[in-house]
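Data file: final_38.tsv. Format and content: TSV, C-alpha atoms and all ligand atoms.
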chain	number	residue	atom	x	y	z
Q	1	MET	CA	31.18	7.89	8.26
Q	2	ILE	CA	27.50	8.61	8.76
Q	3	ILE	CA	25.71	8.41	12.11
Q	4	GLY	CA	22.04	7.37	12.00
Q	5	ILE	CA	20.02	8.32	15.08
Q	6	ASP	CA	16.48	7.06	15.77
Q	7	ILE	CA	14.80	9.03	18.56
Q	8	GLY	CA	11.98	6.58	19.37
Q	9	SER	CA	9.13	7.24	21.79
Q	10	THR	CA	10.89	5.18	24.46
Q	11	THR	CA	14.50	4.55	23.46
Q	12	THR	CA	17.05	6.23	21.18
Q	13	LYS	CA	19.28	4.13	18.97
Q	14	ALA	CA	22.42	5.27	17.12
Q	15	VAL	CA	24.53	3.45	14.55
Q	16	SER	CA	27.65	4.35	12.61
Q	17	ILE	CA	27.72	3.43	8.94
Q	18	ASP	CA	30.74	3.35	6.70
Q	19	ALA	CA	30.78	2.11	3.10
Q	20	ASP	CA	27.25	0.68	3.46
Q	21	LYS	CA	28.27	-1.40	6.50
Q	22	VAL	CA	26.89	-1.05	10.01
Q	23	ILE	CA	29.99	-0.60	12.16
Q	24	ASN	CA	28.83	0.35	15.67
Q	25	LYS	CA	25.54	0.58	17.54
Q	26	ILE	CA	24.30	1.90	20.88
Q	27	LYS	CA	20.99	2.37	22.72
Q	28	THR	CA	20.18	5.11	25.19
Q	29	LYS	CA	17.24	6.78	26.87
Q	30	ALA	CA	16.65	10.39	27.88
Q	31	MET	CA	13.76	12.60	28.94
Q	32	ASP	CA	13.64	14.78	25.84
Q	33	ALA	CA	14.60	14.61	22.17
Q	34	PRO	CA	17.56	17.06	22.11
Q	35	THR	CA	19.17	15.34	25.13
Q	36	SER	CA	18.54	11.95	23.51
Q	37	ALA	CA	20.11	13.00	20.21
Q	38	ALA	CA	23.13	14.69	21.81
Q	39	GLY	CA	23.52	11.79	24.27
Q	40	ALA	CA	23.30	9.13	21.56
Q	41	LEU	CA	25.87	10.92	19.42
Q	42	GLY	CA	28.19	11.41	22.39
Q	43	LYS	CA	27.81	7.80	23.50
Q	44	ILE	CA	28.60	6.24	20.13
Q	45	LEU	CA	31.62	8.52	19.57
Q	46	LEU	CA	33.02	7.92	23.06
Q	47	GLU	CA	32.28	4.23	23.35
Q	48	TYR	CA	33.93	3.40	20.03
Q	49	SER	CA	36.62	6.14	20.09
Q	50	ILE	CA	35.36	7.72	16.87
Q	51	PRO	CA	36.99	11.14	16.21
Q	52	VAL	CA	34.31	13.80	15.53
Q	53	ARG	CA	36.11	14.81	12.29
Q	54	GLU	CA	35.30	11.40	10.82
Q	55	VAL	CA	31.55	12.06	10.97
Q	56	GLU	CA	30.47	13.49	7.60
Q	57	LYS	CA	26.79	13.66	8.36
Q	58	ILE	CA	24.13	12.82	10.94
Q	59	MET	CA	20.76	11.47	9.85
Q	60	ILE	CA	17.96	11.73	12.41
Q	61	THR	CA	14.58	9.99	12.42
Q	62	GLY	CA	11.93	8.72	14.84
Q	63	ALA	CA	9.16	10.32	16.87
Q	64	GLY	CA	11.49	12.93	18.42
Q	65	ALA	CA	13.25	13.96	15.19
Q	66	THR	CA	11.08	17.04	14.56
Q	67	LYS	CA	12.33	18.53	17.84
Q	68	ILE	CA	15.89	18.73	16.48
Q	69	ARG	CA	15.99	22.02	14.62
Q	70	SER	CA	19.67	22.59	13.96
Q	71	ASP	CA	22.90	20.77	13.20
Q	72	LEU	CA	24.34	18.78	16.10
Q	73	PHE	CA	27.66	20.28	17.21
Q	74	GLY	CA	28.29	21.80	13.76
Q	75	ILE	CA	28.04	18.45	11.94
Q	76	PRO	CA	25.65	18.55	8.93
Q	77	THR	CA	22.39	17.06	10.28
Q	78	GLU	CA	19.43	15.95	8.18
Q	79	LYS	CA	16.08	14.40	8.98
Q	80	ILE	CA	14.37	11.52	7.28
Q	81	ASP	CA	10.85	10.31	7.89
Q	82	GLU	CA	10.49	7.22	10.04
Q	83	ILE	CA	8.53	5.09	7.58
Q	84	THR	CA	11.21	5.51	4.91
Q	85	ALA	CA	13.93	4.75	7.48
Q	86	ILE	CA	12.19	1.53	8.57
Q	87	GLY	CA	11.70	0.51	4.92
Q	88	VAL	CA	15.30	1.15	3.90
Q	89	GLY	CA	16.69	-0.47	7.06
Q	90	GLY	CA	14.34	-3.44	6.80
Q	91	MET	CA	15.28	-4.17	3.17
Q	92	PHE	CA	18.97	-3.82	4.00
Q	93	LEU	CA	18.81	-6.22	6.97
Q	94	ALA	CA	16.53	-8.72	5.21
Q	95	GLY	CA	18.78	-8.58	2.14
Q	96	ARG	CA	15.88	-8.24	-0.26
Q	97	GLU	CA	13.12	-5.97	-1.47
Q	98	ASN	CA	9.35	-6.38	-1.75
Q	99	ILE	CA	8.80	-7.17	1.92
Q	100	ILE	CA	6.36	-6.46	4.71
Q	101	ILE	CA	8.05	-5.05	7.82
Q	102	THR	CA	6.35	-5.10	11.20
Q	103	ASN	CA	8.18	-2.70	13.51
Q	104	ILE	CA	7.38	-3.49	17.15
Q	105	GLY	CA	8.40	-0.47	19.19
Q	106	THR	CA	6.35	1.31	21.82
Q	107	GLY	CA	3.54	0.95	19.30
Q	108	THR	CA	3.54	-1.07	16.08
Q	109	ALA	CA	3.91	0.11	12.48
Q	110	ILE	CA	3.47	-2.08	9.39
Q	111	ILE	CA	5.28	-1.08	6.23
Q	112	GLU	CA	5.49	-2.37	2.68
Q	113	ALA	CA	8.97	-1.87	1.24
Q	114	LYS	CA	9.68	-2.18	-2.47
Q	115	LYS	CA	12.63	-1.16	-4.60
Q	116	ASP	CA	11.07	2.13	-5.61
Q	117	ARG	CA	8.33	2.71	-3.06
Q	118	ILE	CA	8.01	2.51	0.71
Q	119	ALA	CA	4.46	2.72	2.02
Q	120	HIS	CA	2.90	2.82	5.46
Q	121	ILE	CA	0.15	0.19	5.47
Q	122	GLY	CA	-1.00	0.95	9.01
Q	123	GLY	CA	-0.40	-0.41	12.46
Q	124	SER	CA	-1.75	-0.24	15.97
Q	125	GLY	CA	-1.04	1.25	19.36
Q	126	VAL	CA	-0.56	-2.27	20.68
Q	127	GLY	CA	3.17	-2.78	21.14
Q	128	GLY	CA	5.97	-2.83	23.70
Q	129	GLY	CA	4.41	0.11	25.55
Q	130	THR	CA	1.22	-1.92	26.01
Q	131	ILE	CA	3.18	-4.74	27.66
Q	132	MET	CA	4.81	-2.22	30.01
Q	133	GLY	CA	1.62	-0.33	30.88
Q	134	LEU	CA	-0.56	-3.35	31.52
Q	135	SER	CA	2.20	-5.01	33.55
Q	136	LYS	CA	2.49	-1.93	35.72
Q	137	LEU	CA	-1.23	-1.98	36.42
Q	138	LEU	CA	-1.76	-5.69	36.80
Q	139	LEU	CA	1.60	-7.01	38.03
Q	140	MET	CA	2.98	-3.91	39.79
Q	141	THR	CA	6.16	-4.13	37.73
Q	142	SER	CA	7.53	-2.50	34.63
Q	143	ASN	CA	10.79	-4.36	34.58
Q	144	PHE	CA	10.97	-6.21	31.27
Q	145	LYS	CA	13.18	-9.05	32.47
Q	146	GLY	CA	10.87	-9.58	35.43
Q	147	ILE	CA	7.79	-9.70	33.19
Q	148	MET	CA	9.48	-12.28	30.93
Q	149	LYS	CA	10.53	-14.40	33.91
Q	150	LEU	CA	6.98	-14.44	35.26
Q	151	ALA	CA	5.53	-15.28	31.83
Q	152	GLU	CA	7.90	-18.23	31.41
Q	153	SER	CA	5.98	-20.22	34.01
Q	154	GLY	CA	2.54	-18.85	33.15
Q	155	ASN	CA	-0.45	-20.91	32.06
Q	156	LEU	CA	-2.72	-19.34	29.42
Q	157	ASN	CA	-5.56	-21.65	30.41
Q	158	GLN	CA	-6.00	-19.54	33.55
Q	159	VAL	CA	-6.76	-16.31	31.68
Q	160	ASP	CA	-7.62	-16.92	28.03
Q	161	LEU	CA	-10.77	-18.54	26.78
Q	162	LEU	CA	-9.54	-21.13	24.30
Q	163	LEU	CA	-11.50	-22.63	21.45
Q	164	GLU	CA	-11.34	-26.00	23.21
Q	165	ASP	CA	-13.19	-24.43	26.18
Q	166	ILE	CA	-16.22	-23.77	24.02
Q	167	MET	CA	-15.98	-26.12	21.02
Q	168	GLU	CA	-15.54	-29.84	20.66
Q	169	THR	CA	-13.88	-29.68	17.26
Q	170	ASP	CA	-11.58	-27.36	15.31
Q	171	ILE	CA	-13.29	-24.38	13.72
Q	172	SER	CA	-12.29	-23.92	10.08
Q	173	PHE	CA	-8.46	-23.49	10.12
Q	174	LEU	CA	-8.29	-22.61	13.82
Q	175	ARG	CA	-6.83	-25.23	16.10
Q	176	ARG	CA	-8.51	-26.20	19.38
Q	177	GLU	CA	-5.77	-24.56	21.41
Q	178	ALA	CA	-6.22	-21.21	19.61
Q	179	THR	CA	-7.50	-18.24	21.60
Q	180	ALA	CA	-11.23	-17.52	21.46
Q	181	SER	CA	-10.99	-14.50	23.79
Q	182	ASN	CA	-7.89	-12.91	25.36
Q	183	PHE	CA	-8.50	-12.67	29.11
Q	184	GLY	CA	-12.04	-13.88	28.35
Q	185	LYS	CA	-11.79	-16.63	30.96
Q	186	THR	CA	-9.63	-15.15	33.77
Q	187	LEU	CA	-10.14	-17.53	36.66
Q	188	ASP	CA	-9.98	-16.41	40.30
Q	189	SER	CA	-6.95	-18.68	40.59
Q	190	ALA	CA	-5.03	-16.73	37.89
Q	191	LYS	CA	-1.54	-15.88	39.18
Q	192	HIS	CA	0.84	-13.10	38.17
Q	193	GLU	CA	2.69	-15.61	35.98
Q	194	ASP	CA	-0.49	-16.38	34.02
Q	195	ILE	CA	-1.40	-12.69	33.64
Q	196	ALA	CA	2.11	-11.86	32.39
Q	197	LEU	CA	1.83	-14.57	29.74
Q	198	GLY	CA	-1.72	-13.43	28.89
Q	199	ILE	CA	-0.49	-9.87	28.27
Q	200	LEU	CA	2.34	-11.03	25.99
Q	201	ASN	CA	-0.02	-13.40	24.21
Q	202	MET	CA	-2.58	-10.68	23.54
Q	203	VAL	CA	-0.02	-8.15	22.32
Q	204	TYR	CA	1.84	-10.56	20.00
Q	205	GLN	CA	-1.39	-12.10	18.68
Q	206	VAL	CA	-2.75	-8.67	17.72
Q	207	ILE	CA	0.57	-7.78	16.07
Q	208	GLY	CA	0.78	-11.18	14.35
Q	209	VAL	CA	-2.73	-11.22	12.95
Q	210	LEU	CA	-2.49	-7.60	11.72
Q	211	SER	CA	0.79	-8.50	10.01
Q	212	VAL	CA	-0.80	-11.55	8.39
Q	213	PHE	CA	-3.65	-9.45	6.99
Q	214	ALA	CA	-1.21	-6.81	5.73
Q	215	ALA	CA	1.01	-9.44	4.06
Q	216	ARG	CA	-1.94	-11.20	2.46
Q	217	SER	CA	-3.34	-7.94	1.12
Q	218	LYS	CA	-0.04	-7.51	-0.75
Q	219	GLY	CA	0.38	-11.14	-1.82
Q	220	ILE	CA	3.50	-11.62	0.33
Q	221	ASP	CA	4.06	-14.66	2.57
Q	222	ARG	CA	6.86	-13.50	4.88
Q	223	VAL	CA	7.02	-10.68	7.41
Q	224	VAL	CA	10.28	-9.13	8.62
Q	225	VAL	CA	9.97	-8.22	12.31
Q	226	THR	CA	11.98	-5.26	13.66
Q	227	GLY	CA	12.14	-2.95	16.70
Q	228	ASN	CA	12.91	-3.84	20.32
Q	229	GLY	CA	9.85	-6.08	20.39
Q	230	SER	CA	11.46	-8.38	17.80
Q	231	ASP	CA	13.85	-9.64	20.47
Q	232	ASN	CA	11.36	-11.57	22.59
Q	233	SER	CA	11.48	-15.35	22.90
Q	234	ILE	CA	7.86	-15.74	24.02
Q	235	GLY	CA	6.68	-13.28	21.34
Q	236	LYS	CA	8.49	-15.37	18.71
Q	237	ASP	CA	6.70	-18.53	19.90
Q	238	ILE	CA	3.33	-16.77	19.67
Q	239	LEU	CA	4.11	-15.52	16.16
Q	240	SER	CA	5.22	-19.00	15.12
Q	241	PHE	CA	1.87	-20.40	16.31
Q	242	ILE	CA	0.23	-17.83	14.02
Q	243	THR	CA	2.46	-19.04	11.17
Q	244	GLY	CA	1.07	-22.53	11.80
Q	245	MET	CA	-2.48	-21.25	11.34
Q	246	TYR	CA	-2.07	-18.68	8.58
Q	247	ALA	CA	1.00	-19.88	6.64
Q	248	ILE	CA	2.75	-16.50	6.85
Q	249	ALA	CA	6.34	-16.73	8.14
Q	250	PHE	CA	8.01	-14.22	10.47
Q	251	GLU	CA	11.73	-13.55	10.27
Q	252	TYR	CA	14.06	-11.74	12.66
Q	253	PRO	CA	17.17	-10.25	11.06
Q	254	THR	CA	20.31	-9.58	13.11
Q	255	ASN	CA	20.35	-6.01	14.50
Q	256	ALA	CA	16.56	-5.73	14.01
Q	257	GLU	CA	16.29	-3.37	17.03
Q	258	TYR	CA	18.44	-0.88	15.10
Q	259	THR	CA	16.52	-1.09	11.79
Q	260	THR	CA	15.18	2.48	11.91
Q	261	ALA	CA	18.56	4.03	12.81
Q	262	ILE	CA	20.29	1.90	10.14
Q	263	GLY	CA	17.74	2.97	7.52
Q	264	ALA	CA	18.29	6.63	8.44
Q	265	GLY	CA	22.08	6.27	8.19
Q	266	LEU	CA	21.90	4.46	4.85
Q	267	SER	CA	19.55	7.07	3.42
Q	268	GLY	CA	22.11	9.74	4.22
Q	269	HIS	CA	24.74	7.87	2.31
Q	270	ARG	CA	23.07	8.39	-1.00
Q	271	GLU	CA	19.71	9.97	-1.47
Q	272	THR	CA	18.53	7.13	-3.65
Q	273	PHE	CA	20.18	4.39	-1.64
Q	274	PHE	CA	17.34	1.95	-1.70
Q	275	LYS	CA	16.65	2.47	-5.38
Q	276	GLU	CA	20.23	1.83	-6.44
Q	277	LYS	CA	21.24	-0.74	-3.93
Q	278	LEU	CA	18.46	-3.27	-3.90
Z	1	LIG	N1	12.42	-7.81	24.77
Z	1	LIG	C1	11.39	-7.02	24.56
Z	1	LIG	N2	10.23	-7.50	24.05
Z	1	LIG	C2	9.17	-6.70	23.81
Z	1	LIG	N3	9.16	-5.39	24.06
Z	1	LIG	C3	10.27	-4.86	24.58
Z	1	LIG	C4	11.44	-5.62	24.85
Z	1	LIG	N4	12.38	-4.80	25.40
Z	1	LIG	C5	11.81	-3.60	25.45
Z	1	LIG	N5	10.55	-3.62	25.00
Z	1	LIG	C6	9.60	-2.53	24.86
Z	1	LIG	O1	9.82	-1.99	23.57
Z	1	LIG	C7	9.54	-0.60	23.57
Z	1	LIG	C8	10.72	0.13	22.99
Z	1	LIG	O2	11.03	-0.41	21.73
Z	1	LIG	P1	11.72	0.48	20.62
Z	1	LIG	O3	12.94	1.12	21.18
Z	1	LIG	O4	11.84	-0.32	19.38
Z	1	LIG	O5	10.58	1.57	20.48
Z	1	LIG	P2	10.69	3.11	20.14
Z	1	LIG	O6	11.48	3.25	18.89
Z	1	LIG	O7	11.19	3.86	21.34
Z	1	LIG	O8	9.15	3.42	19.94
Z	1	LIG	P3	8.33	3.75	18.60
Z	1	LIG	O9	9.08	3.15	17.44
Z	1	LIG	O10	6.98	3.14	18.80
Z	1	LIG	O11	8.32	5.25	18.56
Z	1	LIG	C9	9.28	-0.21	25.01
Z	1	LIG	O12	7.89	-0.07	25.18
Z	1	LIG	C10	9.81	-1.39	25.80
Z	1	LIG	O13	9.06	-1.57	26.95
Z	2	MG	MG	11.00	2.91	16.90
I need this file expressed as structure tokens, please.
Ligand SMILES: Nc1ncnc2c1ncn2[C@@H]1O[C@H](COP(=O)(O)OP(=O)(O)OP(=O)(O)O)[C@@H](O)[C@H]1O
Ligand SMILES: [Mg+2]
Amino acid sequence: MIIGIDIGSTTTKAVSIDADKVINKIKTKAMDAPTSAAGALGKILLEYSIPVREVEKIMITGAGATKIRSDLFGIPTEKIDEITAIGVGGMFLAGRENIIITNIGTGTAIIEAKKDRIAHIGGSGVGGGTIMGLSKLLLMTSNFKGIMKLAESGNLNQVDLLLEDIMETDISFLRREATASNFGKTLDSAKHEDIALGILNMVYQVIGVLSVFAARSKGIDRVVVTGNGSDNSIGKDILSFITGMYAIAFEYPTNAEYTTAIGAGLSGHRETFFKEKL
């Protein structure tokens, strides 16, 4: 069995992989990378009663991976770069190659994954961390469930300037209800609910449009969305509105929050996993 650990900027994910199958998964959070790695390993072994002797290898990736400089508890431990891990994990979960992956974590990374080449196209600092930070400042909360609950009854018309506010007709392919300027209207009557929805709208629109441009530049019409930010009902609605305008589809594979950890684990299985397997 191989354990893949992704020490992200905010959360650490661990998965156990046996015979190319994802068996178990956990999430955890700690102040520093070594505590995160040790904690994630301990948690997955304890929670699923996995004997230590069954772990052949540990594969570590993510922002905190460079801080792990030795084997964990005597188990052979290797590192793999995060872009490769996202690419391998994304192709595995999507069940195909030649894809664009948009990984929405604390920030956002966009990756092109092919059978024999995984490339970092780019990304942006706009991601889950942006939702948290702006909510803390503007809504005095950084509780994700609370932010989502507020946003559910928000009205974008209170904060965003829409095309219909300034135009009488559609403009090229943009619909009248498309955003002309995020927070560009912000009425005095804007409530916390409206601001919460405005924040989510801005973040997922930026991510969506960047993904569309990346996909188009590679002649691909679907984007696989991964990371914790892939599990967001309002975010999915915003991305589906973008699909309506730009004809690029977004898909959300099962276990998408664990993509990076899964990719790390699979890469440890065979060095050329993604070349042979897909
Ligand atoms: N349902 C959700 N929708 C959107 N964002 C979320 C959700 N739940 C958590 N987040 C945010 O997602 C971020 C964490 O996601 P994830 O664990 O994928 O990132 P990470 O791996 O720690 O960061 P990175 O990959 O950027 O280094 C946090 O900023 C958190 O606030
Ligand atoms: Mg991550």
- Task: For atom CA of Pro76 of chain Q and atom CA of Tyr258 of chain Q, quote the distance in Å rounded to one decimal.
- Result: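 Between atom CA of Pro76 of chain Q and atom CA of Tyr258 of chain Q the gap is 21.6 Å.
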Counting all atoms listed in the file, which protein, DNA or RNA residues come within 6 Å of ligand LIG 1 (chain Z), given as a tab-separated table (two decimals) with C-alpha atoms, in the frame of the given file?
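The new file selection.tsv reads:
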chain	number	residue	atom	x	y	z
Q	8	GLY	CA	11.98	6.58	19.37
Q	9	SER	CA	9.13	7.24	21.79
Q	10	THR	CA	10.89	5.18	24.46
Q	11	THR	CA	14.50	4.55	23.46
Q	63	ALA	CA	9.16	10.32	16.87
Q	104	ILE	CA	7.38	-3.49	17.15
Q	105	GLY	CA	8.40	-0.47	19.19
Q	106	THR	CA	6.35	1.31	21.82
Q	107	GLY	CA	3.54	0.95	19.30
Q	128	GLY	CA	5.97	-2.83	23.70
Q	129	GLY	CA	4.41	0.11	25.55
Q	132	MET	CA	4.81	-2.22	30.01
Q	227	GLY	CA	12.14	-2.95	16.70
Q	228	ASN	CA	12.91	-3.84	20.32
Q	229	GLY	CA	9.85	-6.08	20.39
Q	231	ASP	CA	13.85	-9.64	20.47
Q	232	ASN	CA	11.36	-11.57	22.59
Q	257	GLU	CA	16.29	-3.37	17.03
Find the residues around Ile147 of chain Q up to 12 Å (only C-alpha atoms counted), leave out those fewer than 5 positions away in its own chain, and share them as a list in words.
Gly128, Ile131, Met132, Gly133, Leu134, Ser135, Lys136, Leu138, Leu139, Met140, Thr141, Ser142, Glu152, Ser153, Gly154, His192, Glu193, Asp194, Ile195, Ala196, Leu197, Gly198, Ile199, Leu200, Asn232 and Ile234 of chain Q
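Minimum atom-to-atom distance to ligand MG 2 (chain Z), evaluated using only C-alpha atoms and all ligand atoms, belongs to Q:Gly263 out of Q:Pro34, Q:Gly263, Q:Gly219, Q:Gly235.
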Using only C-alpha atoms and all ligand atoms, the best pick from Q:Ala30, Q:Ala190, Q:Ala261, Q:Val225 as closest to ligand MG 2 (chain Z) would be Q:Ala261
Min atom-atom distance to ligand MG 2 (chain Z) from the set Q:Leu161, Q:Met148, Q:Ala14, Q:Val223, counting all atoms listed in the file, belongs to Q:Ala14
Using all atoms listed in the file, the residue out of Q:Ile121, Q:Ile3, Q:Val126, Q:Leu163 with shortest distance to Ile83 of chain Q is Q:Ile121
Any idea what's packed within 12 Å of Phe241 of chain Q, counting all atoms listed in the file, ignoring anything in its chain fewer than 6 positions away? Could you give it as a list in words?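 Near neighbours after the sequence-gap exclusion: Leu174, Arg175, Glu177, Ala178, Thr179, Asn201, Tyr204, Gln205, Gly208, Val209, Ile234, Gly235, Ala247, Ile248, Ala249 and Phe250 of chain Q.
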